$ cat run.cif   # mmCIF, C-alpha atoms
data_model
loop_
_atom_site.group_PDB
_atom_site.id
_atom_site.type_symbol
_atom_site.label_atom_id
_atom_site.label_comp_id
_atom_site.auth_asym_id
_atom_site.auth_seq_id
_atom_site.Cartn_x
_atom_site.Cartn_y
_atom_site.Cartn_z
ATOM 1 C CA MET A 1 83.419 187.652 99.118
ATOM 2 C CA LYS A 2 80.518 185.185 99.128
ATOM 3 C CA ILE A 3 79.103 186.817 95.999
ATOM 4 C CA PHE A 4 82.473 186.484 94.259
ATOM 5 C CA VAL A 5 82.761 182.812 95.183
ATOM 6 C CA THR A 6 79.221 182.167 93.952
ATOM 7 C CA LEU A 7 79.910 183.880 90.623
ATOM 8 C CA VAL A 8 83.106 181.886 90.134
ATOM 9 C CA SER A 9 81.211 178.685 90.922
ATOM 10 C CA LEU A 10 78.465 179.528 88.429
ATOM 11 C CA LEU A 11 81.015 180.417 85.755
ATOM 12 C CA PHE A 12 82.857 177.151 86.352
ATOM 13 C CA SER A 13 79.611 175.203 86.097
ATOM 14 C CA ALA A 14 78.652 176.958 82.866
ATOM 15 C CA ILE A 15 82.012 176.129 81.305
ATOM 16 C CA LEU A 16 81.856 172.543 82.553
ATOM 17 C CA TYR A 17 78.357 171.871 81.252
ATOM 18 C CA ALA A 18 79.042 173.550 77.905
ATOM 19 C CA THR A 19 82.057 171.340 77.139
ATOM 20 C CA PRO A 20 81.200 168.833 74.391
ATOM 21 C CA LEU A 21 81.604 165.203 75.400
ATOM 22 C CA ASN A 22 82.824 162.412 73.162
ATOM 23 C CA LYS A 23 82.119 159.141 74.977
ATOM 24 C CA VAL A 24 79.592 157.339 77.138
ATOM 25 C CA VAL A 25 80.772 154.796 79.707
ATOM 26 C CA VAL A 26 78.066 152.540 81.101
ATOM 27 C CA PHE A 27 78.126 150.215 84.095
ATOM 28 C CA GLY A 28 75.232 147.897 84.837
ATOM 29 C CA ASP A 29 73.518 144.595 84.178
ATOM 30 C CA SER A 30 71.645 142.822 81.383
ATOM 31 C CA LEU A 31 69.544 145.884 80.598
ATOM 32 C CA SER A 32 72.674 147.603 79.281
ATOM 33 C CA ASP A 33 74.846 144.613 78.290
ATOM 34 C CA ASN A 34 75.680 144.832 74.572
ATOM 35 C CA GLY A 35 77.232 141.370 74.386
ATOM 36 C CA ASN A 36 79.821 141.283 77.166
ATOM 37 C CA LEU A 37 78.471 138.200 78.942
ATOM 38 C CA TYR A 38 77.868 136.570 75.558
ATOM 39 C CA GLU A 39 81.555 136.914 74.702
ATOM 40 C CA TYR A 40 82.627 135.771 78.164
ATOM 41 C CA MET A 41 80.400 132.692 77.868
ATOM 42 C CA LYS A 42 81.806 131.936 74.393
ATOM 43 C CA HIS A 43 78.464 132.628 72.726
ATOM 44 C CA GLN A 44 76.601 130.105 74.876
ATOM 45 C CA LEU A 45 74.507 132.567 76.902
ATOM 46 C CA PRO A 46 72.181 134.231 76.204
ATOM 47 C CA VAL A 47 71.230 131.831 73.439
ATOM 48 C CA SER A 48 71.103 133.827 70.201
ATOM 49 C CA PRO A 49 68.531 133.435 68.716
ATOM 50 C CA PRO A 50 66.039 134.001 70.261
ATOM 51 C CA TYR A 51 68.132 136.728 71.911
ATOM 52 C CA PHE A 52 69.717 139.151 69.496
ATOM 53 C CA ASP A 53 73.459 138.756 69.045
ATOM 54 C CA GLY A 54 74.178 138.387 72.751
ATOM 55 C CA ARG A 55 71.836 141.129 73.988
ATOM 56 C CA PHE A 56 69.160 140.312 76.563
ATOM 57 C CA THR A 57 66.406 141.388 74.204
ATOM 58 C CA ASN A 58 65.462 141.076 70.524
ATOM 59 C CA GLY A 59 67.544 144.013 69.287
ATOM 60 C CA TYR A 60 70.041 146.627 70.363
ATOM 61 C CA VAL A 61 69.947 147.855 73.953
ATOM 62 C CA TRP A 62 69.019 151.422 74.866
ATOM 63 C CA VAL A 63 72.527 152.815 75.319
ATOM 64 C CA GLU A 64 73.568 151.518 71.886
ATOM 65 C CA LEU A 65 70.503 153.135 70.324
ATOM 66 C CA LEU A 66 71.296 156.348 72.181
ATOM 67 C CA MET A 67 74.825 156.503 70.799
ATOM 68 C CA GLN A 68 73.614 155.579 67.306
ATOM 69 C CA SER A 69 71.459 158.715 67.423
ATOM 70 C CA TYR A 70 74.559 160.829 68.126
ATOM 71 C CA TYR A 71 77.065 158.941 65.969
ATOM 72 C CA PRO A 72 75.243 157.066 63.179
ATOM 73 C CA ALA A 73 78.461 156.122 61.380
ATOM 74 C CA ASN A 74 80.672 154.999 64.263
ATOM 75 C CA SER A 75 78.671 154.747 67.479
ATOM 76 C CA ASN A 76 80.770 151.860 68.844
ATOM 77 C CA GLU A 77 83.830 154.094 68.953
ATOM 78 C CA HIS A 78 82.054 156.391 71.403
ATOM 79 C CA LEU A 79 80.544 153.764 73.708
ATOM 80 C CA LEU A 80 82.463 151.927 76.414
ATOM 81 C CA ASP A 81 80.043 149.318 77.733
ATOM 82 C CA TYR A 82 81.112 147.499 80.912
ATOM 83 C CA ALA A 83 77.677 146.124 81.789
ATOM 84 C CA PHE A 84 77.306 142.372 82.308
ATOM 85 C CA GLY A 85 74.160 140.304 82.382
ATOM 86 C CA GLY A 86 73.557 138.992 85.895
ATOM 87 C CA ALA A 87 75.647 141.703 87.568
ATOM 88 C CA GLY A 88 74.639 143.051 90.949
ATOM 89 C CA VAL A 89 75.912 145.318 93.687
ATOM 90 C CA MET A 90 78.173 143.547 96.161
ATOM 91 C CA ASP A 91 80.775 145.875 97.541
ATOM 92 C CA ASN A 92 82.883 143.520 99.640
ATOM 93 C CA ASP A 93 86.173 142.033 98.500
ATOM 94 C CA ASP A 94 84.891 138.564 99.331
ATOM 95 C CA ASP A 95 81.619 138.894 97.415
ATOM 96 C CA GLU A 96 80.447 135.825 95.545
ATOM 97 C CA GLY A 97 79.098 137.529 92.461
ATOM 98 C CA LEU A 98 81.060 136.876 89.295
ATOM 99 C CA PHE A 99 80.175 140.290 87.870
ATOM 100 C CA THR A 100 79.527 143.257 90.120
ATOM 101 C CA LEU A 101 79.407 147.019 89.788
ATOM 102 C CA ARG A 102 82.647 147.304 91.741
ATOM 103 C CA ARG A 103 84.429 144.887 89.426
ATOM 104 C CA GLU A 104 83.107 146.605 86.313
ATOM 105 C CA ILE A 105 84.534 149.906 87.526
ATOM 106 C CA ASP A 106 87.783 148.167 88.487
ATOM 107 C CA SER A 107 88.053 146.933 84.893
ATOM 108 C CA TYR A 108 87.483 150.427 83.544
ATOM 109 C CA PHE A 109 90.155 151.993 85.746
ATOM 110 C CA LEU A 110 92.581 149.182 84.918
ATOM 111 C CA ALA A 111 92.224 150.002 81.225
ATOM 112 C CA HIS A 112 92.388 153.792 81.705
ATOM 113 C CA GLU A 113 95.380 154.432 83.954
ATOM 114 C CA ASP A 114 93.225 154.585 87.080
ATOM 115 C CA LYS A 115 91.563 157.801 85.917
ATOM 116 C CA ALA A 116 88.138 158.955 84.771
ATOM 117 C CA ASP A 117 87.806 161.067 81.636
ATOM 118 C CA ASP A 118 86.253 164.483 82.221
ATOM 119 C CA ARG A 119 84.800 164.425 78.693
ATOM 120 C CA SER A 120 82.868 161.200 79.152
ATOM 121 C CA LEU A 121 79.360 160.708 80.468
ATOM 122 C CA TYR A 122 79.313 157.944 83.074
ATOM 123 C CA ILE A 123 76.059 156.010 83.408
ATOM 124 C CA VAL A 124 75.230 153.657 86.276
ATOM 125 C CA TRP A 125 72.089 151.513 86.091
ATOM 126 C CA ILE A 126 72.083 148.450 88.306
ATOM 127 C CA GLY A 127 70.328 146.779 91.233
ATOM 128 C CA SER A 128 67.543 144.609 89.817
ATOM 129 C CA ASN A 129 69.447 141.354 90.253
ATOM 130 C CA ASN A 130 69.819 142.021 93.962
ATOM 131 C CA TYR A 131 66.040 142.119 94.385
ATOM 132 C CA LEU A 132 64.583 139.631 91.912
ATOM 133 C CA GLY A 133 65.310 136.720 94.227
ATOM 134 C CA ALA A 134 62.949 138.300 96.815
ATOM 135 C CA PRO A 135 65.531 138.531 99.639
ATOM 136 C CA ASP A 136 64.342 137.734 103.160
ATOM 137 C CA ASP A 137 65.441 141.077 104.605
ATOM 138 C CA GLY A 138 64.559 143.392 101.745
ATOM 139 C CA ASP A 139 65.177 146.641 103.601
ATOM 140 C CA ALA A 140 68.693 145.554 104.547
ATOM 141 C CA VAL A 141 69.415 144.660 100.912
ATOM 142 C CA VAL A 142 68.130 148.058 99.769
ATOM 143 C CA ASN A 143 70.561 149.714 102.158
ATOM 144 C CA GLU A 144 73.455 147.514 101.045
ATOM 145 C CA VAL A 145 72.774 148.036 97.343
ATOM 146 C CA ASN A 146 72.492 151.794 97.636
ATOM 147 C CA SER A 147 75.597 151.963 99.799
ATOM 148 C CA GLY A 148 77.488 150.060 97.115
ATOM 149 C CA VAL A 149 76.163 152.284 94.327
ATOM 150 C CA ARG A 150 77.040 155.421 96.244
ATOM 151 C CA HIS A 151 80.555 154.198 96.957
ATOM 152 C CA SER A 152 81.064 153.407 93.269
ATOM 153 C CA LEU A 153 79.806 156.838 92.230
ATOM 154 C CA GLU A 154 82.211 158.500 94.653
ATOM 155 C CA ARG A 155 85.059 156.434 93.218
ATOM 156 C CA LEU A 156 84.270 157.749 89.739
ATOM 157 C CA VAL A 157 84.058 161.347 90.897
ATOM 158 C CA LYS A 158 87.255 161.178 92.935
ATOM 159 C CA LYS A 159 89.053 159.830 89.875
ATOM 160 C CA GLY A 160 87.894 162.752 87.741
ATOM 161 C CA ALA A 161 84.366 162.077 86.417
ATOM 162 C CA LYS A 162 82.557 165.365 85.738
ATOM 163 C CA HIS A 163 79.322 164.090 84.198
ATOM 164 C CA VAL A 164 77.383 161.266 85.860
ATOM 165 C CA MET A 165 73.929 159.896 85.085
ATOM 166 C CA VAL A 166 72.234 157.536 87.529
ATOM 167 C CA VAL A 167 69.197 155.522 86.446
ATOM 168 C CA THR A 168 66.454 154.318 88.784
ATOM 169 C CA LEU A 169 64.960 150.846 88.681
ATOM 170 C CA PRO A 170 61.700 150.149 86.875
ATOM 171 C CA ASP A 171 58.881 148.782 89.000
ATOM 172 C CA LEU A 172 59.916 145.138 89.156
ATOM 173 C CA GLY A 173 56.426 144.285 90.347
ATOM 174 C CA ASN A 174 55.187 144.918 86.806
ATOM 175 C CA THR A 175 57.340 142.165 85.305
ATOM 176 C CA PRO A 176 55.880 138.801 84.298
ATOM 177 C CA ALA A 177 58.429 137.195 86.642
ATOM 178 C CA ALA A 178 56.910 138.930 89.663
ATOM 179 C CA ARG A 179 53.470 137.589 88.777
ATOM 180 C CA ASP A 180 54.805 134.107 88.030
ATOM 181 C CA PHE A 181 56.321 133.887 91.502
ATOM 182 C CA ASP A 182 53.551 135.721 93.357
ATOM 183 C CA SER A 183 55.880 138.512 94.459
ATOM 184 C CA VAL A 184 54.279 141.558 92.847
ATOM 185 C CA SER A 185 53.876 143.581 96.035
ATOM 186 C CA THR A 186 57.345 142.652 97.306
ATOM 187 C CA MET A 187 59.051 143.549 94.033
ATOM 188 C CA SER A 188 57.182 146.852 93.801
ATOM 189 C CA TYR A 189 58.076 147.730 97.393
ATOM 190 C CA LEU A 190 61.774 146.969 96.896
ATOM 191 C CA SER A 191 61.885 148.973 93.654
ATOM 192 C CA GLN A 192 60.237 151.972 95.295
ATOM 193 C CA GLN A 193 62.485 151.872 98.364
ATOM 194 C CA HIS A 194 65.571 151.514 96.207
ATOM 195 C CA ASN A 195 64.630 154.512 94.084
ATOM 196 C CA LYS A 196 63.829 156.685 97.103
ATOM 197 C CA MET A 197 67.178 155.969 98.703
ATOM 198 C CA LEU A 198 68.982 156.379 95.380
ATOM 199 C CA GLU A 199 67.466 159.837 94.884
ATOM 200 C CA LYS A 200 68.395 160.805 98.432
ATOM 201 C CA ASN A 201 71.984 159.736 97.834
ATOM 202 C CA ILE A 202 72.218 161.641 94.563
ATOM 203 C CA ASN A 203 70.933 164.802 96.239
ATOM 204 C CA GLU A 204 73.595 164.424 98.917
ATOM 205 C CA LEU A 205 76.310 163.744 96.357
ATOM 206 C CA GLN A 206 75.314 166.878 94.475
ATOM 207 C CA SER A 207 76.001 168.880 97.626
ATOM 208 C CA LEU A 208 79.267 167.080 98.350
ATOM 209 C CA TYR A 209 80.594 167.219 94.767
ATOM 210 C CA PRO A 210 79.097 170.326 93.114
ATOM 211 C CA GLU A 211 81.862 170.374 90.510
ATOM 212 C CA THR A 212 80.333 167.245 88.986
ATOM 213 C CA GLN A 213 77.158 167.329 86.923
ATOM 214 C CA TRP A 214 74.611 164.850 88.275
ATOM 215 C CA ILE A 215 71.711 163.632 86.120
ATOM 216 C CA PHE A 216 68.914 161.535 87.608
ATOM 217 C CA PHE A 217 66.875 159.460 85.147
ATOM 218 C CA GLU A 218 63.580 158.120 86.557
ATOM 219 C CA VAL A 219 63.225 155.321 84.040
ATOM 220 C CA ASN A 220 60.097 153.872 85.628
ATOM 221 C CA GLN A 221 58.145 156.727 84.053
ATOM 222 C CA VAL A 222 58.825 155.192 80.628
ATOM 223 C CA LEU A 223 57.162 151.886 81.533
ATOM 224 C CA GLU A 224 54.321 153.590 83.369
ATOM 225 C CA ASP A 225 53.566 155.658 80.268
ATOM 226 C CA ILE A 226 53.537 152.545 78.092
ATOM 227 C CA MET A 227 51.261 150.630 80.454
ATOM 228 C CA ALA A 228 48.886 153.561 80.816
ATOM 229 C CA ASN A 229 48.504 154.033 77.071
ATOM 230 C CA PRO A 230 49.956 150.988 75.239
ATOM 231 C CA LYS A 231 48.230 151.618 71.895
ATOM 232 C CA PHE A 232 49.739 155.094 71.660
ATOM 233 C CA TYR A 233 53.206 153.550 71.821
ATOM 234 C CA GLY A 234 52.373 150.637 69.530
ATOM 235 C CA PHE A 235 52.025 147.882 72.148
ATOM 236 C CA THR A 236 49.254 145.304 72.273
ATOM 237 C CA ASN A 237 50.500 143.161 75.172
ATOM 238 C CA VAL A 238 52.109 144.697 78.274
ATOM 239 C CA LYS A 239 51.804 141.725 80.635
ATOM 240 C CA ASP A 240 53.021 138.555 78.929
ATOM 241 C CA THR A 241 56.337 137.534 77.381
ATOM 242 C CA CYS A 242 56.788 137.004 73.683
ATOM 243 C CA TYR A 243 58.942 133.915 74.215
ATOM 244 C CA GLU A 244 58.175 130.823 76.173
ATOM 245 C CA GLU A 245 60.132 129.863 79.273
ATOM 246 C CA VAL A 246 60.380 126.687 81.293
ATOM 247 C CA MET A 247 59.612 127.793 84.856
ATOM 248 C CA ASP A 248 61.631 125.951 87.503
ATOM 249 C CA ASN A 249 61.530 128.315 90.492
ATOM 250 C CA SER A 250 64.953 129.573 89.426
ATOM 251 C CA LEU A 251 64.201 133.059 90.688
ATOM 252 C CA SER A 252 64.671 131.809 94.225
ATOM 253 C CA LYS A 253 68.224 130.722 93.479
ATOM 254 C CA LYS A 254 71.485 132.591 93.047
ATOM 255 C CA TYR A 255 72.194 134.054 89.624
ATOM 256 C CA SER A 256 68.576 133.393 88.764
ATOM 257 C CA ILE A 257 68.446 135.765 85.803
ATOM 258 C CA LEU A 258 71.070 133.790 83.921
ATOM 259 C CA LYS A 259 69.245 130.538 84.668
ATOM 260 C CA MET A 260 65.998 132.090 83.507
ATOM 261 C CA VAL A 261 67.603 133.307 80.272
ATOM 262 C CA ALA A 262 68.977 129.843 79.597
ATOM 263 C CA SER A 263 65.444 128.408 79.781
ATOM 264 C CA VAL A 264 63.839 130.709 77.206
ATOM 265 C CA LYS A 265 62.570 128.763 74.209
ATOM 266 C CA SER A 266 62.199 130.229 70.737
ATOM 267 C CA ARG A 267 58.896 130.281 68.916
ATOM 268 C CA LYS A 268 58.755 129.546 65.223
ATOM 269 C CA ASN A 269 56.999 132.781 64.309
ATOM 270 C CA LYS A 270 59.711 135.376 63.661
ATOM 271 C CA ASN A 271 57.225 138.164 64.409
ATOM 272 C CA ALA A 272 56.258 136.689 67.790
ATOM 273 C CA CYS A 273 57.392 139.794 69.664
ATOM 274 C CA ASP A 274 55.478 142.382 67.657
ATOM 275 C CA GLY A 275 53.485 144.534 70.077
ATOM 276 C CA TYR A 276 54.995 143.021 73.215
ATOM 277 C CA LEU A 277 56.451 145.065 76.053
ATOM 278 C CA PHE A 278 58.344 142.120 77.566
ATOM 279 C CA PHE A 279 60.737 139.902 75.663
ATOM 280 C CA ASP A 280 61.168 137.455 78.534
ATOM 281 C CA PRO A 281 59.955 137.505 82.173
ATOM 282 C CA VAL A 282 62.190 140.450 83.117
ATOM 283 C CA HIS A 283 63.638 142.080 79.989
ATOM 284 C CA PRO A 284 61.826 144.518 77.677
ATOM 285 C CA THR A 285 61.732 144.295 73.892
ATOM 286 C CA GLU A 286 63.738 146.520 71.557
ATOM 287 C CA PRO A 287 60.925 149.086 71.042
ATOM 288 C CA VAL A 288 61.078 149.769 74.784
ATOM 289 C CA HIS A 289 64.841 150.219 74.559
ATOM 290 C CA GLN A 290 64.270 152.623 71.671
ATOM 291 C CA LEU A 291 61.835 154.679 73.714
ATOM 292 C CA MET A 292 64.274 154.708 76.625
ATOM 293 C CA ALA A 293 67.025 155.960 74.319
ATOM 294 C CA GLU A 294 64.777 158.753 73.055
ATOM 295 C CA ARG A 295 63.801 159.812 76.587
ATOM 296 C CA THR A 296 67.453 159.735 77.637
ATOM 297 C CA LYS A 297 68.464 161.990 74.779
ATOM 298 C CA VAL A 298 65.805 164.524 75.729
ATOM 299 C CA LEU A 299 66.984 164.429 79.339
ATOM 300 C CA LEU A 300 70.601 164.946 78.313
ATOM 301 C CA GLU A 301 69.661 167.879 76.090
ATOM 302 C CA GLU A 302 67.681 169.425 78.943
ATOM 303 C CA ASN A 303 70.815 169.188 81.058
ATOM 304 C CA GLY A 304 72.992 170.826 78.434
ATOM 305 C CA ILE A 305 74.854 167.642 77.416
ATOM 306 C CA VAL A 306 76.202 167.788 73.865
ATOM 307 C CA PHE A 307 78.507 165.424 71.999
ATOM 308 C CA GLU A 308 81.072 166.586 69.477
#
$ encode --input "run.cif" --output "structure tokens"
Amino acid sequence: MKIFVTLVSLLFSAILYATPLNKVVVFGDSLSDNGNLYEYMKHQLPVSPPYFDGRFTNGYVWVELLMQSYYPANSNEHLLDYAFGGAGVMDNDDDEGLFTLRREIDSYFLAHEDKADDRSLYIVWIGSNNYLGAPDDGDAVVNEVNSGVRHSLERLVKKGAKHVMVVTLPDLGNTPAARDFDSVSTMSYLSQQHNKMLEKNINELQSLYPETQWIFFEVNQVLEDIMANPKFYGFTNVKDTCYEEVMDNSLSKKYSILKMVASVKSRKNKNACDGYLFFDPVHPTEPVHQLMAERTKVLLEENGIVFE
């Protein structure tokens, strides 16, 4: 009987993973925001230029580039982007954050009859904004953030999601912001602890919900590769930002990322970002997003994900 059940489970998994998908739904923050906050702020933030058309970088973000590689003619029709710049993970009804992972998912369900589509890939990449302010009790925040992420992932699965990709945080200690505010070791520690707990939760969710395909993307490897061999990837500066910023200790205040973005000043040279890893103190340039998109596509192919 056990053998029969195992065979049925394997057959079900094979059928599930072989089914072509037709959409990507992404929840997250400024690293995935394709202009949502820009529209909400009536084109006032992020200031464009120097930011590109409402993105928090100088070009398209990684998930847009990913979908352009699958659907060159109509990628926007296959991407549902709910990410908002400045969003964090606050899972309580009385949270103070304007944009949160919970609210992004609420918006998705509101627009889709309270159901998840089994032919969509759901991507969750969030958490940086909870840590960049160097919270006093970092370990407690790591627990709270991961609890919120896990709860949101379970919501998606219970509503019908069959394909879920979760992205780790990059090492925030490598950002210019961490150096500017003398918090390199703290930011690195929080990033590492977050990623360890996130991986643990995904492993547990795989056991609890085996009918769902779980994909774990360790994005920090992308930045580590660039920093270890910048010339190979076409970078000449992996420490500084390509745009100037007026530093005012904003990272110690609430919604600091949005305040930081508002303070970025454009340089006259239109090629100022050539060879730079960082666009501003926390966001990477478009070439990094491109590399992330390429790595993501390889990962999806390795996991049998195809799009019709």
$ atom_distance --input "run.cif" --atom1 "CA of Gln193 in chain A" --atom2 "CA of Val166 in chain A"
15.6 Å
$ residues_around --input "run.cif" --residues "Leu156 in chain A" --least-positions-apart "4" --cutoff "12 Å" --atoms "all atoms listed in the file" --output "ChimeraX atom specification"
/A:25-27,101-102,104-106,108-109,114-118,120-124,149-152,160-165,205,209,212
$ atom_distance --input "run.cif" --atom1 "CA of Pro170 in chain A" --atom2 "CA of Leu37 in chain A"
22.1 Å
$ residues_around --input "run.cif" --residues "range 173-185 of chain A" --least-positions-apart "2" --cutoff "8 Å" --atoms "all atoms listed in the file" --output "ChimeraX atom specification"
/A:134,171,187-189,191,239-241,249,251,278,280-282
$ residues_around --input "run.cif" --residues "Asn130 in chain A" --least-positions-apart "3" --cutoff "9 Å" --atoms "all atoms listed in the file" --output "short mmCIF file (atom, residue, chain, number, x, y, z; two decimals) with C-alpha atoms, in the coordinates of the input"
data_model
loop_
_atom_site.label_atom_id
_atom_site.label_comp_id
_atom_site.auth_asym_id
_atom_site.auth_seq_id
_atom_site.Cartn_x
_atom_site.Cartn_y
_atom_site.Cartn_z
CA ALA A 87 75.65 141.70 87.57
CA GLY A 88 74.64 143.05 90.95
CA VAL A 89 75.91 145.32 93.69
CA MET A 90 78.17 143.55 96.16
CA ILE A 126 72.08 148.45 88.31
CA GLY A 127 70.33 146.78 91.23
CA GLY A 133 65.31 136.72 94.23
CA ALA A 134 62.95 138.30 96.82
CA PRO A 135 65.53 138.53 99.64
CA VAL A 141 69.42 144.66 100.91
CA VAL A 142 68.13 148.06 99.77
CA VAL A 145 72.77 148.04 97.34
#
$ resolve_selection --input "run.cif" --expression "the PyMOL selection byres ((chain A and resi 218) around 10)" --output "PDB file with C-alpha atoms, in the coordinates of the input"
ATOM      1  CA  VAL A 166      72.234 157.536  87.529  1.00  0.00           C
ATOM      2  CA  VAL A 167      69.197 155.522  86.446  1.00  0.00           C
ATOM      3  CA  THR A 168      66.454 154.318  88.784  1.00  0.00           C
ATOM      4  CA  LEU A 169      64.960 150.846  88.681  1.00  0.00           C
ATOM      5  CA  PRO A 170      61.700 150.149  86.875  1.00  0.00           C
ATOM      6  CA  ASN A 195      64.630 154.512  94.084  1.00  0.00           C
ATOM      7  CA  GLU A 199      67.466 159.837  94.884  1.00  0.00           C
ATOM      8  CA  ILE A 215      71.711 163.632  86.120  1.00  0.00           C
ATOM      9  CA  PHE A 216      68.914 161.535  87.608  1.00  0.00           C
ATOM     10  CA  PHE A 217      66.875 159.460  85.147  1.00  0.00           C
ATOM     11  CA  VAL A 219      63.225 155.321  84.040  1.00  0.00           C
ATOM     12  CA  ASN A 220      60.097 153.872  85.628  1.00  0.00           C
ATOM     13  CA  GLN A 221      58.145 156.727  84.053  1.00  0.00           C
ATOM     14  CA  VAL A 222      58.825 155.192  80.628  1.00  0.00           C
ATOM     15  CA  THR A 296      67.453 159.735  77.637  1.00  0.00           C
TER      16      THR A 296
END
$ resolve_selection --input "run.cif" --expression "the PyMOL selection byres ((chain A and resi 289) around 9)" --output "compact mmCIF listing (two decimals) with C-alpha atoms, in the coordinates of the input"
# COMPACT_ATOMS: atom_id res chain seq x y z
CA LEU A 31 69.54 145.88 80.60
CA THR A 57 66.41 141.39 74.20
CA GLY A 59 67.54 144.01 69.29
CA TYR A 60 70.04 146.63 70.36
CA VAL A 61 69.95 147.85 73.95
CA TRP A 62 69.02 151.42 74.87
CA VAL A 63 72.53 152.82 75.32
CA LEU A 65 70.50 153.14 70.32
CA PRO A 284 61.83 144.52 77.68
CA THR A 285 61.73 144.29 73.89
CA GLU A 286 63.74 146.52 71.56
CA PRO A 287 60.92 149.09 71.04
CA VAL A 288 61.08 149.77 74.78
CA GLN A 290 64.27 152.62 71.67
CA LEU A 291 61.84 154.68 73.71
CA MET A 292 64.27 154.71 76.62
CA ALA A 293 67.03 155.96 74.32
CA GLU A 294 64.78 158.75 73.06
$ atom_distance --input "run.cif" --atom1 "CA of Gly54 in chain A" --atom2 "CA of Tyr38 in chain A"
5.0 Å
$ closest_residue --input "run.cif" --among "A:Leu79, A:Leu66, A:Val264, A:Val47" --to "Val24 in chain A" --atoms "only C-alpha atoms"
A:Leu79
$ closest_residue --input "run.cif" --among "A:His283, A:His78, A:Arg103, A:Lys23" --to "Leu223 in chain A" --atoms "only C-alpha atoms"
A:His283
$ closest_residue --input "run.cif" --among "A:Leu277, A:Asn22, A:Ser263, A:Tyr131" --to "Tyr71 in chain A" --atoms "all atoms listed in the file"
A:Asn22
$ axis_aligned_box --input "run.cif" --around "range 16-34 of chain A" --padding-each-side "8 Å" --output "AutoDock Vina command-line options"
--center_x 76.2 --center_y 158.2 --center_z 79.0 --size_x 29.3 --size_y 46.7 --size_z 27.7
$ resolve_selection --input "run.cif" --expression "the PyMOL selection byres ((chain A and resi 234) around 10)" --output "ChimeraX atom specification"
/A:226,229-233,235-237,274-277,287
$ closest_residue --input "run.cif" --among "A:Asn34, A:Ser128, A:Asp81, A:Asn143" --to "Ser107 in chain A" --atoms "all atoms listed in the file"
A:Asp81
$ closest_residue --input "run.cif" --among "A:Asn76, A:Ser147, A:Thr19, A:Asn36" --to "Val306 in chain A" --atoms "all atoms listed in the file"
A:Thr19
$ closest_residue --input "run.cif" --among "A:Gly148, A:Glu77, A:Lys159, A:His194" --to "Glu113 in chain A" --atoms "all atoms listed in the file"
A:Lys159
$ build_atoms --input "run.cif" --residues "range 218-230 of chain A" --atoms "N, CA and C atoms" --output "compact mmCIF listing (two decimals), in the frame of the given file"
# COMPACT_ATOMS: atom_id res chain seq x y z
N GLU A 218 64.64 158.95 85.98
CA GLU A 218 63.58 158.12 86.56
C GLU A 218 62.95 157.26 85.46
N VAL A 219 63.59 156.15 85.18
CA VAL A 219 63.22 155.32 84.04
C VAL A 219 61.85 154.68 84.20
N ASN A 220 61.39 154.52 85.43
CA ASN A 220 60.10 153.87 85.63
C ASN A 220 58.97 154.64 84.93
N GLN A 221 59.17 155.93 84.73
CA GLN A 221 58.14 156.73 84.05
C GLN A 221 57.90 156.24 82.63
N VAL A 222 58.96 155.71 81.99
CA VAL A 222 58.82 155.19 80.63
C VAL A 222 57.84 154.02 80.60
N LEU A 223 58.04 153.06 81.50
CA LEU A 223 57.16 151.89 81.53
C LEU A 223 55.76 152.24 81.99
N GLU A 224 55.65 153.17 82.92
CA GLU A 224 54.32 153.59 83.37
C GLU A 224 53.54 154.24 82.23
N ASP A 225 54.23 155.03 81.42
CA ASP A 225 53.57 155.66 80.27
C ASP A 225 53.08 154.61 79.28
N ILE A 226 53.92 153.61 79.03
CA ILE A 226 53.54 152.54 78.09
C ILE A 226 52.33 151.78 78.61
N MET A 227 52.35 151.42 79.89
CA MET A 227 51.26 150.63 80.45
C MET A 227 49.96 151.42 80.56
N ALA A 228 50.08 152.73 80.72
CA ALA A 228 48.89 153.56 80.82
C ALA A 228 48.24 153.78 79.46
N ASN A 229 49.03 153.78 78.41
CA ASN A 229 48.50 154.03 77.07
C ASN A 229 49.27 153.20 76.05
N PRO A 230 49.15 151.86 76.10
CA PRO A 230 49.96 150.99 75.24
C PRO A 230 49.74 151.22 73.75
